[in-house]
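Below: query29.cif (mmCIF, C-alpha atoms)
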data_model
loop_
_atom_site.label_atom_id
_atom_site.label_comp_id
_atom_site.auth_asym_id
_atom_site.auth_seq_id
_atom_site.Cartn_x
_atom_site.Cartn_y
_atom_site.Cartn_z
CA MET A 8 2.96 -206.20 88.35
CA LYS A 9 6.32 -206.55 86.62
CA GLN A 10 6.89 -209.75 84.72
CA GLU A 11 9.22 -208.81 81.88
CA LEU A 12 12.37 -210.79 81.32
CA ASN A 13 15.46 -208.60 81.44
CA SER A 14 17.82 -210.98 79.62
CA ASP A 15 17.13 -213.52 76.92
CA ASN A 16 20.11 -214.51 74.83
CA SER A 17 18.32 -217.26 72.91
CA LEU A 18 17.82 -216.99 69.17
CA LEU A 19 14.15 -216.10 69.70
CA GLY A 20 15.07 -213.55 72.36
CA ARG A 21 17.57 -211.84 70.07
CA ALA A 22 14.88 -211.72 67.37
CA GLY A 23 12.53 -209.99 69.81
CA ILE A 24 10.22 -212.91 70.67
CA PRO A 25 9.94 -213.87 74.36
CA LYS A 26 10.97 -217.52 74.06
CA GLN A 27 8.49 -218.72 76.69
CA LEU A 28 5.63 -217.34 74.54
CA ALA A 29 6.81 -218.78 71.21
CA TRP A 30 4.03 -221.40 71.01
CA GLY A 31 1.52 -218.65 71.70
CA TYR A 32 2.71 -216.67 68.69
CA LEU A 33 2.19 -219.74 66.48
CA GLY A 34 -1.24 -220.27 68.03
CA ILE A 35 -2.28 -216.69 67.22
CA LEU A 36 -1.19 -217.19 63.59
CA ILE A 37 -3.33 -220.30 63.14
CA PHE A 38 -6.31 -219.00 65.13
CA MET A 39 -6.43 -215.79 63.08
CA MET A 40 -6.19 -217.78 59.85
CA GLY A 41 -9.40 -219.52 60.87
CA ASP A 42 -11.00 -216.24 61.80
CA GLY A 43 -10.01 -214.65 58.49
CA VAL A 44 -11.40 -217.19 56.04
CA GLU A 45 -14.26 -214.88 54.98
CA GLN A 46 -12.46 -211.53 55.13
CA GLY A 47 -12.11 -210.94 51.42
CA TRP A 48 -15.25 -212.52 49.99
CA LEU A 49 -18.21 -212.55 52.40
CA SER A 50 -19.55 -209.14 51.39
CA PRO A 51 -19.61 -209.78 47.60
CA TYR A 52 -20.96 -213.31 48.29
CA LEU A 53 -23.90 -211.90 50.25
CA ILE A 54 -24.53 -209.18 47.67
CA GLY A 55 -24.43 -211.81 44.94
CA ARG A 56 -27.13 -213.76 46.77
CA GLY A 57 -29.44 -210.75 46.87
CA MET A 58 -28.47 -208.63 49.88
CA THR A 59 -27.80 -204.92 49.39
CA ILE A 60 -24.42 -203.35 50.08
CA GLN A 61 -26.04 -201.41 52.92
CA GLN A 62 -27.26 -204.68 54.51
CA SER A 63 -23.77 -206.14 54.14
CA ALA A 64 -22.29 -203.02 55.72
CA SER A 65 -24.83 -203.28 58.56
CA LEU A 66 -23.80 -206.88 59.23
CA PHE A 67 -20.13 -205.95 59.45
CA THR A 68 -20.97 -202.89 61.54
CA VAL A 69 -22.79 -204.97 64.17
CA TYR A 70 -19.91 -207.43 64.07
CA GLY A 71 -17.57 -204.51 64.66
CA ILE A 72 -19.55 -203.30 67.66
CA THR A 73 -19.09 -206.59 69.49
CA ILE A 74 -15.45 -206.71 68.46
CA ALA A 75 -15.03 -203.23 69.95
CA ILE A 76 -16.66 -204.27 73.23
CA SER A 77 -14.61 -207.44 73.39
CA SER A 78 -11.42 -205.57 72.52
CA TRP A 79 -12.09 -203.07 75.29
CA PHE A 80 -12.44 -205.75 77.95
CA SER A 81 -9.64 -207.99 76.71
CA GLY A 82 -6.80 -206.06 78.32
CA VAL A 83 -8.27 -205.68 81.78
CA LEU A 84 -9.81 -209.17 81.76
CA ALA A 85 -6.39 -210.57 80.90
CA GLU A 86 -4.94 -208.82 83.94
CA GLY A 87 -7.83 -209.68 86.22
CA PHE A 88 -8.48 -213.30 85.24
CA GLY A 89 -5.30 -214.19 83.39
CA PRO A 90 -4.72 -214.38 79.63
CA LYS A 91 -5.40 -218.11 79.31
CA LYS A 92 -8.89 -217.94 80.83
CA THR A 93 -9.73 -214.88 78.76
CA MET A 94 -8.44 -216.54 75.60
CA LEU A 95 -10.48 -219.67 76.32
CA MET A 96 -13.58 -217.52 76.71
CA GLY A 97 -12.88 -215.99 73.30
CA LEU A 98 -12.47 -219.43 71.73
CA LEU A 99 -15.84 -220.64 73.04
CA LEU A 100 -17.70 -217.52 71.90
CA TYR A 101 -16.12 -217.79 68.46
CA ILE A 102 -17.25 -221.41 68.03
CA ILE A 103 -20.79 -220.70 69.26
CA GLY A 104 -21.16 -217.66 66.99
CA THR A 105 -19.73 -219.41 63.93
CA ALA A 106 -21.98 -222.46 64.37
CA GLY A 107 -25.07 -220.26 64.62
CA PHE A 108 -24.08 -218.01 61.73
CA VAL A 109 -23.18 -220.77 59.28
CA GLY A 110 -25.73 -223.33 60.46
CA TYR A 111 -28.83 -221.18 60.90
CA GLY A 112 -28.26 -217.76 59.35
CA LEU A 113 -26.49 -218.16 56.03
CA PRO A 114 -28.35 -221.07 54.38
CA ASP A 115 -31.63 -219.10 54.04
CA LEU A 116 -30.12 -215.62 54.48
CA ASN A 117 -32.09 -215.09 57.70
CA PHE A 118 -30.84 -211.57 58.32
CA GLY A 119 -31.97 -211.40 61.97
CA VAL A 120 -30.19 -214.63 62.88
CA MET A 121 -27.14 -213.54 60.89
CA LEU A 122 -26.90 -210.27 62.81
CA VAL A 123 -27.13 -211.93 66.23
CA THR A 124 -24.80 -214.88 65.56
CA TYR A 125 -22.19 -212.87 63.66
CA ALA A 126 -22.21 -210.44 66.57
CA VAL A 127 -21.55 -213.30 69.02
CA ARG A 128 -18.74 -214.47 66.77
CA GLY A 129 -17.25 -210.99 67.01
CA PHE A 130 -16.56 -211.43 70.71
CA GLY A 131 -14.15 -214.25 69.92
CA TYR A 132 -10.89 -213.14 68.38
CA PRO A 133 -10.27 -209.96 70.44
CA LEU A 134 -10.51 -211.90 73.69
CA PHE A 135 -8.18 -214.52 72.26
CA ALA A 136 -5.60 -212.41 70.43
CA TYR A 137 -5.50 -209.14 72.34
CA SER A 138 -5.25 -210.89 75.70
CA PHE A 139 -2.10 -212.50 74.36
CA LEU A 140 -0.84 -209.04 73.35
CA VAL A 141 -1.18 -207.92 76.98
CA TRP A 142 0.81 -211.00 77.96
CA ILE A 143 3.55 -209.90 75.56
CA THR A 144 3.75 -206.37 77.01
CA TYR A 145 4.47 -207.82 80.45
CA ARG A 146 6.93 -210.50 79.36
CA SER A 147 9.08 -208.42 76.99
CA PRO A 148 12.07 -206.25 78.01
CA GLY A 149 11.45 -202.56 77.33
CA LYS A 150 14.23 -202.36 74.76
CA LYS A 151 12.68 -205.25 72.78
CA LEU A 152 9.01 -204.33 73.22
CA GLY A 153 8.69 -202.74 69.78
CA SER A 154 10.09 -205.89 68.18
CA ALA A 155 7.90 -208.18 70.31
CA VAL A 156 4.68 -206.41 69.33
CA GLY A 157 5.94 -206.30 65.75
CA TRP A 158 6.10 -210.09 65.81
CA PHE A 159 2.58 -210.18 67.30
CA TRP A 160 1.17 -208.10 64.45
CA PHE A 161 3.19 -210.23 62.04
CA VAL A 162 1.39 -213.42 63.11
CA PHE A 163 -1.96 -211.68 63.71
CA THR A 164 -2.10 -210.09 60.26
CA GLY A 165 -0.42 -213.06 58.61
CA GLY A 166 -3.18 -215.32 59.84
CA LEU A 167 -6.11 -212.95 59.36
CA ASN A 168 -5.32 -211.43 55.99
CA VAL A 169 -2.68 -213.60 54.31
CA PHE A 170 -3.18 -217.27 55.18
CA GLY A 171 -6.90 -216.64 55.63
CA ALA A 172 -7.18 -215.13 52.14
CA TYR A 173 -5.01 -217.69 50.38
CA TYR A 174 -6.62 -220.62 52.19
CA SER A 175 -10.13 -219.39 51.38
CA SER A 176 -9.24 -218.88 47.70
CA TRP A 177 -8.41 -222.62 47.63
CA ALA A 178 -11.17 -223.77 49.97
CA ILE A 179 -14.00 -221.96 48.20
CA GLU A 180 -13.20 -223.85 45.02
CA HIS A 181 -12.80 -227.25 46.68
CA LEU A 182 -15.18 -227.04 49.66
CA GLY A 183 -17.73 -224.39 48.74
CA TYR A 184 -18.58 -221.22 50.65
CA LEU A 185 -20.41 -222.70 53.64
CA ASP A 186 -17.98 -225.55 54.25
CA THR A 187 -15.10 -223.07 54.06
CA LEU A 188 -16.70 -221.21 56.94
CA TRP A 189 -17.28 -224.46 58.86
CA SER A 190 -13.59 -225.31 58.46
CA SER A 191 -12.66 -222.18 60.39
CA ILE A 192 -13.67 -223.94 63.61
CA PHE A 193 -11.03 -226.59 62.99
CA TRP A 194 -8.30 -223.99 62.52
CA VAL A 195 -9.16 -221.96 65.62
CA LEU A 196 -9.07 -225.16 67.67
CA VAL A 197 -5.60 -225.96 66.32
CA GLY A 198 -4.46 -222.44 67.14
CA ALA A 199 -5.89 -222.70 70.65
CA PHE A 200 -4.01 -225.96 71.19
CA PHE A 201 -0.68 -224.22 70.55
CA ALA A 202 -1.51 -221.04 72.47
CA LEU A 203 -3.25 -222.58 75.48
CA VAL A 204 -1.92 -226.12 75.81
CA LEU A 205 1.66 -226.13 74.50
CA ASN A 206 2.30 -222.62 75.83
CA LYS A 207 3.33 -223.33 79.45
CA ASP A 208 4.19 -219.78 80.53
CA LYS A 209 2.59 -218.60 83.78
CA PHE A 210 0.96 -215.20 84.23
CA GLU A 211 0.32 -213.86 87.72
CA THR A 212 -2.98 -211.95 87.71
CA SER A 213 -2.91 -208.54 89.32
CA ALA A 214 -6.41 -208.71 90.74
CA GLY A 215 -6.19 -212.10 92.43
CA LYS A 216 -9.52 -213.63 93.24
CA ASN A 217 -11.22 -210.53 94.66
CA ARG A 218 -14.24 -209.60 92.57
CA SER A 219 -14.13 -205.96 93.61
CA SER A 220 -10.49 -205.83 92.53
CA LYS A 221 -11.47 -207.20 89.12
CA ALA A 222 -14.19 -204.58 88.86
CA GLU A 223 -11.54 -201.97 89.60
CA GLU A 224 -9.43 -203.43 86.79
CA LEU A 225 -12.33 -202.91 84.38
CA ALA A 226 -12.80 -199.34 85.60
CA LYS A 227 -9.12 -198.58 85.02
CA GLY A 228 -9.71 -198.81 81.29
CA LEU A 229 -11.87 -195.68 81.61
CA ILE A 230 -9.96 -193.90 84.35
CA ILE A 231 -6.61 -194.13 82.59
CA MET A 232 -7.83 -191.98 79.69
CA LYS A 233 -8.63 -189.19 82.14
CA GLU A 234 -5.38 -189.57 84.06
CA GLU A 235 -3.28 -189.75 80.88
CA PRO A 236 -5.04 -188.09 77.89
CA LYS A 237 -2.24 -189.22 75.58
CA VAL A 238 -3.55 -192.77 76.00
CA LEU A 239 -6.91 -191.56 74.64
CA LEU A 240 -5.13 -190.00 71.66
CA GLY A 241 -3.38 -193.31 71.09
CA GLY A 242 -6.75 -195.07 71.08
CA ILE A 243 -8.10 -192.68 68.44
CA VAL A 244 -5.02 -193.19 66.27
CA ARG A 245 -5.48 -196.95 66.64
CA ILE A 246 -9.04 -196.67 65.34
CA ILE A 247 -7.85 -194.83 62.24
CA ASN A 248 -4.99 -197.30 61.74
CA THR A 249 -7.17 -200.15 60.42
CA THR A 250 -10.42 -198.36 59.55
CA ALA A 251 -9.62 -198.62 55.83
CA GLN A 252 -8.60 -202.27 56.25
CA PHE A 253 -12.15 -203.10 57.35
CA ALA A 254 -13.88 -200.61 55.03
CA PHE A 255 -12.18 -201.83 51.85
CA PRO A 256 -13.60 -205.40 51.83
CA VAL A 257 -17.15 -204.02 51.98
CA PHE A 258 -16.99 -202.09 48.70
CA LEU A 259 -13.63 -202.59 46.95
CA PRO A 260 -14.41 -206.12 45.64
CA THR A 261 -17.39 -204.77 43.67
CA TYR A 262 -15.37 -201.70 42.62
CA MET A 263 -12.57 -203.94 41.37
CA ALA A 264 -15.09 -206.22 39.65
CA ALA A 265 -16.36 -203.19 37.74
CA HIS A 266 -12.81 -202.76 36.45
CA GLY A 267 -12.56 -206.39 35.31
CA PHE A 268 -11.10 -208.17 38.36
CA THR A 269 -12.52 -211.56 39.38
CA THR A 270 -13.10 -212.62 43.01
CA THR A 271 -10.05 -214.89 42.84
CA GLU A 272 -7.88 -212.06 41.53
CA TRP A 273 -9.14 -209.76 44.28
CA LEU A 274 -8.35 -212.37 46.95
CA GLN A 275 -4.86 -212.76 45.49
CA ILE A 276 -4.33 -209.00 45.61
CA TRP A 277 -5.70 -208.78 49.16
CA GLY A 278 -3.58 -211.69 50.34
CA THR A 279 -0.43 -210.29 48.73
CA ILE A 280 -1.06 -206.86 50.27
CA PHE A 281 -0.94 -208.39 53.71
CA THR A 282 1.97 -210.63 52.88
CA ALA A 283 3.87 -207.37 52.45
CA ASN A 284 2.19 -206.00 55.56
CA ILE A 285 3.35 -208.79 57.84
CA ALA A 286 6.92 -208.43 56.60
CA PHE A 287 6.82 -204.72 57.31
CA ASN A 288 5.20 -205.33 60.70
CA LEU A 289 8.58 -206.75 61.66
CA ILE A 290 10.57 -204.09 59.84
CA PHE A 291 8.69 -201.20 61.43
CA GLY A 292 8.98 -202.85 64.84
CA PHE A 293 12.76 -202.53 64.54
CA VAL A 294 12.53 -199.14 62.77
CA GLY A 295 10.42 -197.84 65.64
CA ASP A 296 12.98 -199.00 68.21
CA GLY A 297 15.66 -197.09 66.29
CA LEU A 298 14.02 -194.08 64.66
CA GLY A 299 11.48 -193.53 67.43
CA TRP A 300 7.99 -194.93 67.97
CA ARG A 301 6.13 -191.66 67.49
CA ASN A 302 8.08 -190.62 64.38
CA THR A 303 7.47 -193.99 62.76
CA VAL A 304 3.72 -193.91 63.40
CA MET A 305 3.37 -190.29 62.32
CA TRP A 306 5.30 -190.32 59.05
CA PHE A 307 5.25 -193.89 57.77
CA GLY A 308 1.81 -194.76 59.17
CA GLY A 309 -0.26 -191.57 58.96
CA ILE A 310 1.16 -189.68 56.00
CA GLY A 311 2.27 -192.80 54.13
CA CYS A 312 -1.15 -194.45 54.34
CA ALA A 313 -2.97 -191.25 53.33
CA VAL A 314 -1.02 -191.14 50.06
CA THR A 315 -1.12 -194.86 49.28
CA THR A 316 -4.84 -195.22 50.09
CA LEU A 317 -5.61 -192.85 47.22
CA LEU A 318 -2.98 -194.46 44.98
CA PHE A 319 -4.46 -197.93 45.54
CA TYR A 320 -8.00 -196.77 44.81
CA TYR A 321 -7.13 -194.89 41.63
CA SER A 322 -4.67 -197.52 40.35
CA PRO A 323 -7.20 -199.48 38.19
CA VAL A 324 -7.95 -196.24 36.32
CA MET A 325 -4.40 -194.88 36.27
CA PHE A 326 -2.89 -198.12 34.96
CA GLY A 327 -5.68 -199.34 32.70
CA GLY A 328 -6.77 -202.24 34.90
CA SER A 329 -3.26 -203.75 35.09
CA PHE A 330 -3.39 -206.56 37.66
CA TRP A 331 0.27 -206.21 38.60
CA MET A 332 0.21 -202.41 38.97
CA VAL A 333 -2.91 -202.55 41.11
CA MET A 334 -1.25 -205.21 43.25
CA PHE A 335 1.92 -203.11 43.51
CA CYS A 336 -0.03 -200.05 44.69
CA GLY A 337 -1.89 -202.22 47.18
CA ILE A 338 1.41 -203.60 48.47
CA LEU A 339 2.64 -200.05 49.10
CA TRP A 340 -0.48 -199.34 51.17
CA GLY A 341 -0.13 -202.60 53.09
CA ALA A 342 3.55 -201.97 53.81
CA LEU A 343 2.96 -198.48 55.19
CA LEU A 344 -0.04 -199.70 57.20
CA ALA A 345 2.58 -201.46 59.30
CA GLY A 346 4.00 -198.07 60.20
CA TYR A 347 1.48 -198.02 63.06
CA VAL A 348 3.03 -201.08 64.74
CA PRO A 349 5.10 -199.06 67.27
CA LEU A 350 1.86 -197.62 68.65
CA SER A 351 1.48 -200.86 70.64
CA ALA A 352 4.79 -200.08 72.33
CA LEU A 353 4.31 -196.31 72.61
CA VAL A 354 0.95 -196.21 74.39
CA PRO A 355 1.66 -198.73 77.22
CA SER A 356 4.94 -196.92 77.83
CA LEU A 357 3.07 -193.71 78.65
CA VAL A 358 2.14 -195.21 82.04
CA LYS A 359 4.28 -196.65 84.81
CA LYS A 360 1.71 -199.26 85.81
CA ASP A 361 -1.70 -200.52 84.63
CA LYS A 362 -0.29 -201.32 81.19
CA GLY A 363 -3.21 -203.69 80.72
CA ALA A 364 -5.60 -200.74 81.04
CA ALA A 365 -3.56 -198.79 78.47
CA MET A 366 -3.65 -201.80 76.17
CA ALA A 367 -7.40 -202.00 76.72
CA VAL A 368 -7.71 -198.55 75.15
CA LEU A 369 -5.60 -199.65 72.18
CA ASN A 370 -7.57 -202.87 71.87
CA LEU A 371 -10.80 -200.88 71.93
CA GLY A 372 -9.41 -198.77 69.11
CA ALA A 373 -8.58 -201.89 67.13
CA GLY A 374 -12.10 -203.21 67.70
CA LEU A 375 -13.80 -199.92 66.86
CA ALA A 376 -11.98 -199.91 63.51
CA VAL A 377 -13.93 -203.05 62.59
CA PHE A 378 -17.11 -201.07 63.36
CA VAL A 379 -16.10 -197.65 62.02
CA GLY A 380 -14.82 -198.92 58.65
CA PRO A 381 -18.08 -200.58 57.48
CA ALA A 382 -20.11 -197.80 59.14
CA ILE A 383 -18.36 -195.15 57.02
CA VAL A 384 -19.17 -197.20 53.93
CA GLY A 385 -22.81 -197.69 54.94
CA ILE A 386 -23.34 -194.01 55.78
CA PHE A 387 -21.52 -192.30 52.94
CA ILE A 388 -21.41 -194.62 49.93
CA GLY A 389 -24.99 -193.82 48.94
CA SER A 390 -24.38 -190.06 48.80
CA LEU A 391 -20.65 -189.76 48.07
CA GLY A 392 -19.99 -193.00 46.22
CA ASN A 393 -16.80 -195.06 46.31
CA THR A 394 -14.59 -192.04 45.65
CA GLY A 395 -16.01 -190.01 48.51
CA VAL A 396 -15.51 -192.88 50.95
CA VAL A 397 -11.85 -193.28 49.93
CA TRP A 398 -11.13 -189.56 50.40
CA ILE A 399 -12.66 -189.76 53.88
CA LEU A 400 -10.35 -192.66 54.72
CA ALA A 401 -7.31 -190.77 53.40
CA GLY A 402 -8.28 -187.70 55.43
CA LEU A 403 -8.51 -189.80 58.58
CA TYR A 404 -4.93 -190.98 58.06
CA VAL A 405 -3.75 -187.36 57.90
CA LEU A 406 -5.68 -186.68 61.12
CA SER A 407 -3.92 -189.62 62.81
CA ALA A 408 -0.52 -188.13 61.93
CA ILE A 409 -1.53 -184.82 63.51
CA LEU A 410 -2.77 -186.53 66.68
CA THR A 411 0.37 -188.66 66.98
CA ARG A 412 2.43 -185.46 67.10
CA PHE A 413 1.07 -184.93 70.63
CA ILE A 414 1.72 -188.47 71.96
CA THR A 415 5.09 -187.88 73.59
CA LEU A 416 7.06 -189.94 76.10
CA PRO A 417 8.71 -188.24 79.10
CA ASN A 418 11.58 -185.95 78.07
CA ASN A 419 10.47 -186.44 74.45
CA ALA A 420 12.30 -189.76 74.38
CA LYS A 421 12.02 -191.85 71.23
CA THR A 422 11.36 -195.12 73.07
CA ALA A 423 10.69 -196.23 76.64
CA HIS A 424 14.21 -197.68 76.76
CA ALA A 425 15.67 -194.28 75.91
CA ALA A 426 13.36 -192.61 78.43
CA ASP A 427 14.94 -194.52 81.32
CA PRO A 428 17.86 -192.37 82.53
CA LEU A 429 19.63 -195.35 84.13
CA VAL A 430 19.47 -197.32 80.91
CA ALA A 431 20.53 -194.32 78.86
CA VAL A 432 23.59 -193.79 81.05
CA SER A 433 24.59 -197.43 80.97
CA ALA A 434 24.24 -197.52 77.20
CA THR A 435 26.73 -194.69 76.68
#

Would you mind writing the file out in structure tokens?
Amino acid sequence: MKQELNSDNSLLGRAGIPKQLAWGYLGILIFMMGDGVEQGWLSPYLIGRGMTIQQSASLFTVYGITIAISSWFSGVLAEGFGPKKTMLMGLLLYIIGTAGFVGYGLPDLNFGVMLVTYAVRGFGYPLFAYSFLVWITYRSPGKKLGSAVGWFWFVFTGGLNVFGAYYSSWAIEHLGYLDTLWSSIFWVLVGAFFALVLNKDKFETSAGKNRSSKAEELAKGLIIMKEEPKVLLGGIVRIINTTAQFAFPVFLPTYMAAHGFTTTEWLQIWGTIFTANIAFNLIFGFVGDGLGWRNTVMWFGGIGCAVTTLLFYYSPVMFGGSFWMVMFCGILWGALLAGYVPLSALVPSLVKKDKGAAMAVLNLGAGLAVFVGPAIVGIFIGSLGNTGVVWILAGLYVLSAILTRFITLPNNAKTAHAADPLVAVSAT
């Protein structure tokens, strides 16, 4: 199935956004803001009410498992059933999970109910957001794909980690913790309105209405890793990409509190980190199209994040608890985290067809990061402490750089556009 637009001279098209999906980008931003209202404070809130850090890590780990499952299926479900139906399914699961978690689990800290309902909630955003990412890969010209996915991660991260953090820092004070979580349902509904109602673009499903064909679509997510091992490597790199992002909120708020930072200050730091990140999501989208997707991921993403992860962690000690220096070091980490953006262009370009299956592997990696990050904290923080966990995260970033070295396009091209001999000739 080939649905990309080969020419788009509109302002949005020149910026790298498929103009027919513009409302969808806005919808993702608002939806992810709703999803991210608890990102920076739920763990210390639960610990403050009497839960252990291991229980908090377990909650986020179970949440991550369902996110991983949902992420895995999002790509092939989007191809088999269409992005809009898959996104609607994610919206409904998010609302059901949130209502159960906030209404029945949190008030009395019923841990069993919290585990189940937070897990259901975890199915929501991958089906919604990552299905839209598949849509983008089919509707974007190859030469603009890096920029298009850069814009996706701009709105995804901007909603989840920036607007979500800043909104919650205001809402906690004015609405309280539980009502802040309830308000997330309103925001995801607004986001869904833009992405599903105002977005009029049509997507032709590859599997039609044949159930066996849709089952084959699901199987492709497994088969493609055997047929093209580089896709598997890309999935592993994608796990490492945001493992620290989901590990940090489990233990860094208490670590920062021990160095004199309040919850509000931590949320401001976390929000500012990802303000920088979303800006660099765009920058590295364009850098990847120019410098090369693999080079960008390997050097800026892998090596850059390894160094800045350690710098961010040690900054409260190195700079005597200076709020601005800690924020600056965090911004450096957040900026280089965006160095992985071209991975979403690199991996689908490894295959001629079944790009949805390749994206399913990347989406699984993104989901597994939500599981692996808290799991690393839960397993190692008791024996190795905060410092040991951070060195593990830094080591994983180095590993991702090594693995990326082997993810090569045909003829060692820098981008899919450059790999096309006809395009290369016409461009000279």

Could you check the closest approach to Ala106 in chain A for each of A:Glu234, A:Ser190, A:Tyr132, A:Tyr52 and tell me which residue wins, using all atoms listed in the file? A:Ser190

Identify all residues satisfying the PyMOL selection byres ((chain A and resi 32) around 9) in the given file; provide them as a PyMOL selection string. chain A and resi 24+28-31+33-37+139+158-159+162-163+201-202

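Restricting the calculation to only C-alpha atoms, the smallest distance between Val354 in chain A and any of A:Leu371, A:Met263, A:Gly297, A:Leu239 is found for A:Leu239.
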
Please measure the separation of CA of Lys360 in chain A and CA of Phe413 in chain A, giving the value in Å to one decimal. 20.9 Å

Mind giving me the axis-aligned box for range 335-346 of chain A with 5 Å on every side, centre plus edges in Å to one decimal, as AutoDock Vina command-line options?
--center_x 1.1 --center_y -200.8 --center_z 51.9 --size_x 15.9 --size_y 15.5 --size_z 26.7

Let me know the residues the PyMOL selection byres ((chain A and resi 295) around 12) catches in the file above, as a VMD selection string. chain A and resid 150 to 157 287 to 294 296 to 308 345 to 353 421 to 424

Okay, now the selection with C-alpha atoms, as a PDB file, keeping the file's coordinate frame?
ATOM      1  CA  LYS A 150      14.230-202.360  74.760  1.00  0.00           C
ATOM      2  CA  LYS A 151      12.680-205.250  72.780  1.00  0.00           C
ATOM      3  CA  LEU A 152       9.010-204.330  73.220  1.00  0.00           C
ATOM      4  CA  GLY A 153       8.690-202.740  69.780  1.00  0.00           C
ATOM      5  CA  SER A 154      10.090-205.890  68.180  1.00  0.00           C
ATOM      6  CA  ALA A 155       7.900-208.180  70.310  1.00  0.00           C
ATOM      7  CA  VAL A 156       4.680-206.410  69.330  1.00  0.00           C
ATOM      8  CA  GLY A 157       5.940-206.300  65.750  1.00  0.00           C
ATOM      9  CA  PHE A 287       6.820-204.720  57.310  1.00  0.00           C
ATOM     10  CA  ASN A 288       5.200-205.330  60.700  1.00  0.00           C
ATOM     11  CA  LEU A 289       8.580-206.750  61.660  1.00  0.00           C
ATOM     12  CA  ILE A 290      10.570-204.090  59.840  1.00  0.00           C
ATOM     13  CA  PHE A 291       8.690-201.200  61.430  1.00  0.00           C
ATOM     14  CA  GLY A 292       8.980-202.850  64.840  1.00  0.00           C
ATOM     15  CA  PHE A 293      12.760-202.530  64.540  1.00  0.00           C
ATOM     16  CA  VAL A 294      12.530-199.140  62.770  1.00  0.00           C
ATOM     17  CA  ASP A 296      12.980-199.000  68.210  1.00  0.00           C
ATOM     18  CA  GLY A 297      15.660-197.090  66.290  1.00  0.00           C
ATOM     19  CA  LEU A 298      14.020-194.080  64.660  1.00  0.00           C
ATOM     20  CA  GLY A 299      11.480-193.530  67.430  1.00  0.00           C
ATOM     21  CA  TRP A 300       7.990-194.930  67.970  1.00  0.00           C
ATOM     22  CA  ARG A 301       6.130-191.660  67.490  1.00  0.00           C
ATOM     23  CA  ASN A 302       8.080-190.620  64.380  1.00  0.00           C
ATOM     24  CA  THR A 303       7.470-193.990  62.760  1.00  0.00           C
ATOM     25  CA  VAL A 304       3.720-193.910  63.400  1.00  0.00           C
ATOM     26  CA  MET A 305       3.370-190.290  62.320  1.00  0.00           C
ATOM     27  CA  TRP A 306       5.300-190.320  59.050  1.00  0.00           C
ATOM     28  CA  PHE A 307       5.250-193.890  57.770  1.00  0.00           C
ATOM     29  CA  GLY A 308       1.810-194.760  59.170  1.00  0.00           C
ATOM     30  CA  ALA A 345       2.580-201.460  59.300  1.00  0.00           C
ATOM     31  CA  GLY A 346       4.000-198.070  60.200  1.00  0.00           C
ATOM     32  CA  TYR A 347       1.480-198.020  63.060  1.00  0.00           C
ATOM     33  CA  VAL A 348       3.030-201.080  64.740  1.00  0.00           C
ATOM     34  CA  PRO A 349       5.100-199.060  67.270  1.00  0.00           C
ATOM     35  CA  LEU A 350       1.860-197.620  68.650  1.00  0.00           C
ATOM     36  CA  SER A 351       1.480-200.860  70.640  1.00  0.00           C
ATOM     37  CA  ALA A 352       4.790-200.080  72.330  1.00  0.00           C
ATOM     38  CA  LEU A 353       4.310-196.310  72.610  1.00  0.00           C
ATOM     39  CA  LYS A 421      12.020-191.850  71.230  1.00  0.00           C
ATOM     40  CA  THR A 422      11.360-195.120  73.070  1.00  0.00           C
ATOM     41  CA  ALA A 423      10.690-196.230  76.640  1.00  0.00           C
ATOM     42  CA  HIS A 424      14.210-197.680  76.760  1.00  0.00           C
TER      43      HIS A 424
END

Which residues, written as a VMD selection string, have at least one atom at most 12 Å from range 388-395 of chain A, with all atoms listed in the file counted and residues fewer than 4 positions away on the same chain left out? chain A and resid 59 to 61 64 254 to 255 257 to 263 265 316 to 321 380 to 384 399 to 402

CA of Ile285 in chain A to CA of Thr164 in chain A, straight-line distance in Å: 6.1 Å

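Reported to one decimal place, the separation of CA of Trp340 in chain A from CA of Ala313 in chain A is 8.7 Å.
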
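Closest approach to Tyr137 in chain A among A:Gly43, A:Pro323, A:Pro90, A:Gly198: A:Pro90, based on only C-alpha atoms.
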
Under the PyMOL selection byres ((chain A and resi 131) around 12), which residues of this model are included? Write them out as a ChimeraX atom specification. /A:38-39,41-42,70-71,73-78,80-81,93-105,124-130,132-138,192,195,199,374

Counting all atoms listed in the file, which residues sit no farther than 12 Å from the position (-2.6, -198.0, 34.9) in the file's frame? I'd like them as a compact mmCIF listing (two decimals) with C-alpha atoms, in the frame of the given file.
# COMPACT_ATOMS: atom_id res chain seq x y z
CA HIS A 266 -12.81 -202.76 36.45
CA LEU A 318 -2.98 -194.46 44.98
CA PHE A 319 -4.46 -197.93 45.54
CA TYR A 320 -8.00 -196.77 44.81
CA TYR A 321 -7.13 -194.89 41.63
CA SER A 322 -4.67 -197.52 40.35
CA PRO A 323 -7.20 -199.48 38.19
CA VAL A 324 -7.95 -196.24 36.32
CA MET A 325 -4.40 -194.88 36.27
CA PHE A 326 -2.89 -198.12 34.96
CA GLY A 327 -5.68 -199.34 32.70
CA GLY A 328 -6.77 -202.24 34.90
CA SER A 329 -3.26 -203.75 35.09
CA PHE A 330 -3.39 -206.56 37.66
CA TRP A 331 0.27 -206.21 38.60
CA MET A 332 0.21 -202.41 38.97
CA VAL A 333 -2.91 -202.55 41.11
CA MET A 334 -1.25 -205.21 43.25
CA PHE A 335 1.92 -203.11 43.51
CA CYS A 336 -0.03 -200.05 44.69
